[in-house]
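Quick notes on the structure that follows.
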Amino acid sequence: MRHPDALDETQQKELALIRQASPSAAAAYRLAQAFMQMMREQTGHQLDAWLGEAEASHLPEFQSFAKGIELDKAAVLAGLTLPWSQGTLEGHVNRLKLLKRSMYGRAKLPLLRARVLHVDGSAKPSDADLRAAG
């Protein structure tokens with residue numbers, strides 16, 4: 001999945017051998033690199049052409065991936081063309097889920113709220129929050 005220029009000489013030789021040995025591996029590599037390039041350069045206008053190539057590839061994994069993209073094509077196209085990212089939001093959601101899992105079975109919302117506010121640093125839990133959390 002890495003950019004071809006990021007591979008060292010040994011990795012490039014191994015990749016070349018694999019691509020020579022298997023036409024399906026070569027096709028999979030080409031499709032994967034084309035999709036990664038669309039993501040890196042935000043060239044969503046190439047999505048339809050890529051989907052056509054993936055469908056015609058006769059590689060079940062890429063055909064399934066292409067069908068999944070077709071189900072929510074507008075969102076994928078927006079992700080490949082617009083400059084905004086959900087990365088920060090997803091990071092906060094992941095942090096909250098981790099906190100919640102670490103407390104599983106111990107307490108309810110008041111303790112979770114107190115821990116989130118305390119960990120976040122944006123606000124300290126009040127004495128009432130800590131008493132309610134138990």
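Labels used: A, B, ... for chains in the order of the structure tokens, numbers from 1 for residues in each chain, and numbers from 1 for ligands as shown.
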
Next item on the list: Write down as a VMD selection string the residues belonging to chain A that are assigned alpha helix (DSSP H) by DSSP computed on the backbone.
Entry: chain A and resid 9 to 21 23 to 41 47 to 56 60 to 71 73 to 81 87 to 102 109 to 120 127 to 133

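Omitting region 47-56 of chain A and its sequence neighbours fewer than 6 positions away, and counting only C-alpha atoms, the residues within 9 Å are Ala28, Leu31, Ala34, Phe35, Met38, Phe62, Gln63, Ser64, Phe65, Ala66, Lys67, Ile69, Glu70, Val76, Leu77 and Leu80 of chain A.
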
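Remark: for Lys97 (chain A), the closest of the candidate residues A:Pro110, A:Thr81, A:Val116, A:Gly68 is A:Val116 (distances computed over only C-alpha atoms).
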
With 9 Å as the cut-off and only C-alpha atoms counted, what is the closest atom pair between each nearby residue of region 31-75 of chain A and region 1-14 of chain A? Distances in Å to one decimal, ordered by chain and number, as a Markdown table.
```
| residue | atom | partner | partner_atom | distance |
| --- | --- | --- | --- | --- |
| A:Ala32 | CA | A:Met1 | CA | 6.9 |
| A:Gln33 | CA | A:Met1 | CA | 6.8 |
| A:Met36 | CA | A:Met1 | CA | 7.4 |
| A:Gln37 | CA | A:His3 | CA | 8.5 |
```

With all heavy atoms retained, export the selected residues as an mmCIF file, in the first residue's frame.
```cif
data_model
loop_
_atom_site.group_PDB
_atom_site.id
_atom_site.type_symbol
_atom_site.label_atom_id
_atom_site.label_comp_id
_atom_site.auth_asym_id
_atom_site.auth_seq_id
_atom_site.Cartn_x
_atom_site.Cartn_y
_atom_site.Cartn_z
ATOM 1 N N ALA A 32 -4.775 -1.116 -6.491
ATOM 2 C CA ALA A 32 -4.563 -0.558 -5.152
ATOM 3 C C ALA A 32 -3.779 0.750 -5.228
ATOM 4 O O ALA A 32 -4.119 1.734 -4.556
ATOM 5 C CB ALA A 32 -3.839 -1.566 -4.269
ATOM 6 N N GLN A 33 -2.738 0.781 -6.058
ATOM 7 C CA GLN A 33 -1.943 1.998 -6.189
ATOM 8 C C GLN A 33 -2.747 3.131 -6.826
ATOM 9 O O GLN A 33 -2.615 4.294 -6.429
ATOM 10 C CB GLN A 33 -0.666 1.722 -6.993
ATOM 11 C CG GLN A 33 0.369 0.934 -6.227
ATOM 12 C CD GLN A 33 0.838 1.654 -4.975
ATOM 13 O OE1 GLN A 33 1.102 2.850 -4.986
ATOM 14 N NE2 GLN A 33 0.933 0.910 -3.887
ATOM 15 N N MET A 36 -5.004 4.454 -4.088
ATOM 16 C CA MET A 36 -4.226 5.224 -3.121
ATOM 17 C C MET A 36 -3.815 6.583 -3.704
ATOM 18 O O MET A 36 -3.806 7.588 -2.997
ATOM 19 C CB MET A 36 -2.983 4.437 -2.689
ATOM 20 C CG MET A 36 -3.294 3.200 -1.873
ATOM 21 S SD MET A 36 -4.174 3.552 -0.344
ATOM 22 C CE MET A 36 -2.938 4.455 0.547
ATOM 23 N N GLN A 37 -3.513 6.614 -4.977
ATOM 24 C CA GLN A 37 -3.158 7.880 -5.621
ATOM 25 C C GLN A 37 -4.359 8.825 -5.637
ATOM 26 O O GLN A 37 -4.215 10.024 -5.393
ATOM 27 C CB GLN A 37 -2.654 7.643 -7.040
ATOM 28 C CG GLN A 37 -2.201 8.907 -7.729
ATOM 29 C CD GLN A 37 -1.643 8.657 -9.112
ATOM 30 O OE1 GLN A 37 -1.600 7.531 -9.591
ATOM 31 N NE2 GLN A 37 -1.202 9.711 -9.769
#
```

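The smallest atom-to-atom distance between His58 (chain A) and any of A:Met39, A:Leu89, A:Ala75, A:Ala25, using only C-alpha atoms, is found for A:Ala25.
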
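Take the candidates A:Ser102, A:Ser85, A:Ser57, A:Ser22 and check each one against Gln42 (chain A) using only C-alpha atoms; the shortest distance goes to A:Ser85.
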
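Across the structure, CA of Leu98 (chain A) and CA of Gly79 (chain A) are spaced 26.0 Å apart.
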
Check: Just how far from CA of Lys73 (chain A) is CA of Ala27 (chain A), in Å to one decimal?
Finding: 22.8 Å
